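In what follows, a single structure is set out as structure tokens and then discussed.
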Amino acid sequence: MTSFQEILSKPSIFKDNSVLSPHYVPLNLPFRDSQIKEIMEIVSLALKNQKPRNLFIYGKTGSGKTCSVKHVMDKFNSVNPASLMIYLNSRIYNSRYRIMQKIMKQFIPELEKSGFGLPHLYEKLIEFTSKGKQLIVVLDEIDMIKDLDELVYTLTRANDEIKGGGISIIGISNKLSFKNELDPRSKSSLYETEMVFPPYTSNQLQHILLQRVEKGFEKGSVESSAINLAAAITAQESGDARYALKLILKAGEIAQQNSKLKVNDEDVELARKRVEIDLAAETIATLPFNHQLVLYAIAFLSINGSKYARLEGFNEEFLFSGEIYEEYENLTKKVHKKARSVRWYKEYLNDLEMLGLITTTPSGKGVRGHTTLIKLGGSPQDISDLLKKTILL
DNA sequence: CCTCCACAGGAAGCGCAGGAGT
DNA sequence: ACTCCTGCGCTTCCTGTGGAGG
């Protein structure tokens, strides 16, 4: 029989593993001094009650964009007399209405409930900022906003009506291509200033890891070669600092499980595989139900191979869009739910592709006219196992 | 050539939840 | 209590597209 005492008294190599979590904002961000300074300079105008220029920040995931902005935001909001910087994740607040609502909720809590018209929120916003307030709205993952053109238009137009205050936008994105999908007017407005965050190099990652390991792990419990390896692996793959941190955290957990006192290269190598699966598991777990069902259908068919492809003498690696929908319908019956229409099923596929869980290619020379060929991003067995637990009761 | 297949994706509109105004 | 409004997820309907097969 194991007791909690036993577990707790086991020597831990962690001192404080929250330091290694992706949500932790460190007091100083290495290698981002110039970027932080630039953001501060832009934002500082608001402290003199002048409207700062809009800013657009581009950089790959885990290159410190969000961290840097949050860093500046903390400073700004602690100095600030009247103005306010608000952070919004556009994955959650993904429409003009929701963003306006969230902004206004900061000032007037009663506006939290839906049902208020957009003009109503707009009036309140103008009324509020006209008392000499500078509002800086940070829109993280700005490419997720469905009606961004309208939002930018609304906010820029609001500036014309506000007397004695202003609203500025800081947009953050890791999708370079989305710039071209914007309406030219909102593009020029949003891109008044543009910043690029380069991915971290192997040496920089080493430094970052070292800094966090010192705080998060007990002294001397991570071999320096393990840190170097984690940095090298990450730099080669993406330069994503979050990935590097996950890697070292997982390596620590693996070492801990094996009752080791020191994290070495071997643990990092093992962690590498686990992190891949964990990352996928995380996105899959937060997926809405129907998305999960579609994904499960794809995984299921991937394991059994494509019937259509076999019939037509195609590469069995790919699945046909049509057969996946059929399987999806089967699944919904099994869980006694109604299937969504084909139209929405297509939207689900788009979403899944956006998340990198599947890849799609148009069939080109199709036997049955046109179709889309679909392939799973990860290992079908892993994904199927993951989903089996969450879907079927 | 035309027509059909199997799909992509836009447009309209519906039901619902939750307001406001009367 | 009632009517009307809004945003959102969704369905229904529709047009478009490129190759296969007649």
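As shown in the structure tokens, the chain order sets the letters A, B, ...; within each chain, residues go from 1, and ligands are also counted from 1 in the order they appear.
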Got a sec to pull out which chain B residues are within 6 Å of chain A, counting only C-alpha atoms (C1' of nucleotides), and send them as a ChimeraX atom specification?
/B:5-7,18-19
Based on only C-alpha atoms (C1' of nucleotides), which of the residues in chain C come within 12 Å of chain A? I want them as a short mmCIF file (atom, residue, chain, number, x, y, z; two decimals) with N, CA and C atoms (P, O5', C5', C4', C3', O3' and C1' of nucleotides), in the first residue's frame.
data_model
loop_
_atom_site.label_atom_id
_atom_site.label_comp_id
_atom_site.auth_asym_id
_atom_site.auth_seq_id
_atom_site.Cartn_x
_atom_site.Cartn_y
_atom_site.Cartn_z
P DC C 5 -37.19 44.23 -35.37
"O5'" DC C 5 -35.80 44.02 -34.64
"C5'" DC C 5 -35.24 45.08 -33.87
"C4'" DC C 5 -34.10 44.54 -33.05
"C3'" DC C 5 -33.06 43.80 -33.89
"O3'" DC C 5 -31.92 44.63 -34.09
"C1'" DC C 5 -33.59 42.65 -31.84
P DT C 6 -30.83 44.10 -35.12
"O5'" DT C 6 -29.87 43.22 -34.21
"C5'" DT C 6 -29.20 43.80 -33.08
"C4'" DT C 6 -28.34 42.73 -32.45
"C3'" DT C 6 -27.53 41.96 -33.47
"O3'" DT C 6 -26.16 42.21 -33.30
"C1'" DT C 6 -28.70 40.47 -31.96
P DG C 7 -25.15 41.62 -34.38
"O5'" DG C 7 -24.68 40.25 -33.70
"C5'" DG C 7 -24.05 40.28 -32.42
"C4'" DG C 7 -23.76 38.86 -31.98
"C3'" DG C 7 -22.89 38.06 -32.94
"O3'" DG C 7 -21.95 37.33 -32.18
"C1'" DG C 7 -24.96 36.96 -32.65
P DC C 8 -20.84 36.46 -32.86
"O5'" DC C 8 -21.48 35.01 -32.87
"C5'" DC C 8 -21.84 34.41 -31.63
"C4'" DC C 8 -22.41 33.04 -31.91
"C3'" DC C 8 -21.63 32.23 -32.96
"O3'" DC C 8 -21.29 30.98 -32.40
"C1'" DC C 8 -23.96 32.24 -33.44
P DG C 9 -20.17 30.11 -33.03
"O5'" DG C 9 -21.03 28.80 -33.38
"C5'" DG C 9 -21.73 28.13 -32.34
"C4'" DG C 9 -22.76 27.23 -32.96
"C3'" DG C 9 -22.19 26.26 -34.00
"O3'" DG C 9 -22.71 24.96 -33.72
"C1'" DG C 9 -23.98 27.49 -34.93
P DC C 10 -22.19 23.72 -34.55
"O5'" DC C 10 -23.26 23.63 -35.70
"C5'" DC C 10 -24.63 23.33 -35.37
"C4'" DC C 10 -25.54 23.67 -36.51
"C3'" DC C 10 -25.25 22.97 -37.82
"O3'" DC C 10 -25.99 21.75 -37.88
"C1'" DC C 10 -26.08 25.21 -38.09
P DT C 11 -25.90 20.83 -39.16
"O5'" DT C 11 -27.09 21.43 -40.04
"C5'" DT C 11 -28.41 21.47 -39.50
"C4'" DT C 11 -29.39 21.99 -40.54
"C3'" DT C 11 -29.42 21.19 -41.85
"O3'" DT C 11 -30.76 21.04 -42.27
"C1'" DT C 11 -28.87 23.46 -42.31
P DT C 12 -31.09 20.05 -43.45
"O5'" DT C 12 -31.81 21.02 -44.52
"C5'" DT C 12 -31.91 22.39 -44.26
"C4'" DT C 12 -32.15 23.17 -45.55
"C3'" DT C 12 -32.14 22.36 -46.85
"O3'" DT C 12 -33.14 22.88 -47.72
"C1'" DT C 12 -30.45 24.02 -46.93
P DC C 13 -33.40 22.22 -49.12
"O5'" DC C 13 -32.69 23.28 -50.08
"C5'" DC C 13 -32.89 24.67 -49.86
"C4'" DC C 13 -32.03 25.47 -50.82
"C3'" DC C 13 -31.89 24.83 -52.22
"O3'" DC C 13 -32.20 25.81 -53.20
"C1'" DC C 13 -29.77 25.42 -51.34
P DT C 17 -15.78 28.17 -62.13
"O5'" DT C 17 -15.07 26.79 -61.87
"C5'" DT C 17 -14.48 26.51 -60.59
"C4'" DT C 17 -13.93 25.10 -60.61
"C3'" DT C 17 -13.45 24.65 -62.00
"O3'" DT C 17 -12.16 24.09 -61.89
"C1'" DT C 17 -14.92 23.05 -61.07
P DG C 18 -11.14 24.33 -63.09
"O5'" DG C 18 -10.59 22.87 -63.36
"C5'" DG C 18 -9.98 22.15 -62.29
"C4'" DG C 18 -10.18 20.68 -62.55
"C3'" DG C 18 -9.82 20.24 -63.97
"O3'" DG C 18 -8.98 19.13 -63.88
"C1'" DG C 18 -12.00 19.50 -63.42
P DG C 19 -8.21 18.52 -65.09
"O5'" DG C 19 -8.80 17.04 -65.15
"C5'" DG C 19 -8.50 16.16 -64.08
"C4'" DG C 19 -9.52 15.05 -64.04
"C3'" DG C 19 -9.46 14.10 -65.25
"O3'" DG C 19 -9.53 12.78 -64.76
"C1'" DG C 19 -11.65 14.93 -64.97
P DA C 20 -9.27 11.54 -65.73
"O5'" DA C 20 -10.74 10.92 -65.80
"C5'" DA C 20 -11.41 10.58 -64.59
"C4'" DA C 20 -12.67 9.79 -64.87
"C3'" DA C 20 -12.58 8.78 -66.00
"O3'" DA C 20 -13.32 7.61 -65.63
"C1'" DA C 20 -14.15 10.48 -66.58
P DG C 21 -13.33 6.31 -66.52
"O5'" DG C 21 -14.65 6.51 -67.38
"C5'" DG C 21 -15.91 6.68 -66.73
"C4'" DG C 21 -16.97 6.97 -67.76
"C3'" DG C 21 -16.87 6.12 -69.04
"O3'" DG C 21 -18.16 5.62 -69.33
"C1'" DG C 21 -17.00 8.42 -69.59
#
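Proximity to segment 14-16 of chain C at 9 Å, evaluated using only C-alpha atoms (C1' of nucleotides) and with sequence-adjacent residues fewer than 5 positions away removed, yields DA8, DG10 and DA11 of chain B.
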Write a file of the just-selected residues containing C-alpha atoms (C1' of nucleotides), as an mmCIF file, in the first residue's frame.
data_model
loop_
_atom_site.group_PDB
_atom_site.id
_atom_site.type_symbol
_atom_site.label_atom_id
_atom_site.label_comp_id
_atom_site.auth_asym_id
_atom_site.auth_seq_id
_atom_site.Cartn_x
_atom_site.Cartn_y
_atom_site.Cartn_z
ATOM 1 C "C1'" DA B 8 -15.590 23.245 -52.610
ATOM 2 C "C1'" DG B 10 -20.764 31.135 -50.884
ATOM 3 C "C1'" DA B 11 -25.553 32.875 -49.585
#
Who sits within 8 Å of segment 72-88 of chain A, only C-alpha atoms (C1' of nucleotides), same chain under 3 positions skipped, as number ranges by chain
A: 36, 39-40, 46-47, 68-69, 93, 99, 103, 132-140
Any chance you could export the current selection's N, CA and C atoms as an mmCIF file, in the first residue's frame?
data_model
loop_
_atom_site.group_PDB
_atom_site.id
_atom_site.type_symbol
_atom_site.label_atom_id
_atom_site.label_comp_id
_atom_site.auth_asym_id
_atom_site.auth_seq_id
_atom_site.Cartn_x
_atom_site.Cartn_y
_atom_site.Cartn_z
ATOM 1 N N ILE A 36 11.488 44.300 -26.832
ATOM 2 C CA ILE A 36 10.715 44.840 -25.716
ATOM 3 C C ILE A 36 10.822 46.353 -25.660
ATOM 4 N N ILE A 39 8.632 47.854 -28.334
ATOM 5 C CA ILE A 39 7.208 47.849 -27.973
ATOM 6 C C ILE A 39 6.927 48.923 -26.936
ATOM 7 N N MET A 40 7.823 49.038 -25.955
ATOM 8 C CA MET A 40 7.624 50.032 -24.903
ATOM 9 C C MET A 40 7.605 51.442 -25.467
ATOM 10 N N ALA A 46 0.911 56.336 -25.073
ATOM 11 C CA ALA A 46 -0.383 56.296 -24.388
ATOM 12 C C ALA A 46 -0.298 56.923 -23.003
ATOM 13 N N LEU A 47 0.870 56.856 -22.407
ATOM 14 C CA LEU A 47 1.033 57.431 -21.065
ATOM 15 C C LEU A 47 1.009 58.955 -21.119
ATOM 16 N N SER A 68 6.828 38.645 -24.522
ATOM 17 C CA SER A 68 7.344 40.012 -24.552
ATOM 18 C C SER A 68 6.229 41.023 -24.365
ATOM 19 N N VAL A 69 5.140 40.807 -25.063
ATOM 20 C CA VAL A 69 4.029 41.749 -24.960
ATOM 21 C C VAL A 69 3.448 41.740 -23.548
ATOM 22 N N TYR A 93 -11.801 34.530 -28.133
ATOM 23 C CA TYR A 93 -12.600 35.671 -28.547
ATOM 24 C C TYR A 93 -12.380 35.864 -30.045
ATOM 25 N N ILE A 99 -15.134 40.179 -28.994
ATOM 26 C CA ILE A 99 -14.018 41.013 -28.566
ATOM 27 C C ILE A 99 -14.524 42.313 -27.954
ATOM 28 N N ILE A 103 -13.951 43.462 -24.090
ATOM 29 C CA ILE A 103 -13.324 44.736 -23.751
ATOM 30 C C ILE A 103 -14.214 45.520 -22.797
ATOM 31 N N GLY A 132 -10.787 60.621 -21.751
ATOM 32 C CA GLY A 132 -9.331 60.746 -21.738
ATOM 33 C C GLY A 132 -8.617 59.451 -21.454
ATOM 34 N N LYS A 133 -9.109 58.360 -22.023
ATOM 35 C CA LYS A 133 -8.460 57.077 -21.797
ATOM 36 C C LYS A 133 -7.835 56.547 -23.079
ATOM 37 N N GLN A 134 -6.655 55.985 -22.935
ATOM 38 C CA GLN A 134 -6.024 55.300 -24.045
ATOM 39 C C GLN A 134 -6.181 53.803 -23.802
ATOM 40 N N LEU A 135 -6.738 53.146 -24.802
ATOM 41 C CA LEU A 135 -6.979 51.712 -24.680
ATOM 42 C C LEU A 135 -6.075 50.993 -25.664
ATOM 43 N N ILE A 136 -5.330 50.021 -25.175
ATOM 44 C CA ILE A 136 -4.497 49.236 -26.086
ATOM 45 C C ILE A 136 -4.963 47.797 -26.029
ATOM 46 N N VAL A 137 -5.458 47.326 -27.141
ATOM 47 C CA VAL A 137 -6.000 45.983 -27.188
ATOM 48 C C VAL A 137 -4.985 45.040 -27.826
ATOM 49 N N VAL A 138 -4.561 44.050 -27.064
ATOM 50 C CA VAL A 138 -3.625 43.066 -27.594
ATOM 51 C C VAL A 138 -4.416 41.870 -28.098
ATOM 52 N N LEU A 139 -4.323 41.593 -29.382
ATOM 53 C CA LEU A 139 -5.040 40.458 -29.958
ATOM 54 C C LEU A 139 -4.047 39.370 -30.341
ATOM 55 N N ASP A 140 -3.951 38.388 -29.458
ATOM 56 C CA ASP A 140 -3.030 37.280 -29.709
ATOM 57 C C ASP A 140 -3.696 36.300 -30.671
#
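Interatomic distance, atom CA of Ala255 of chain A to atom CA of Leu386 of chain A: 24.3 Å.
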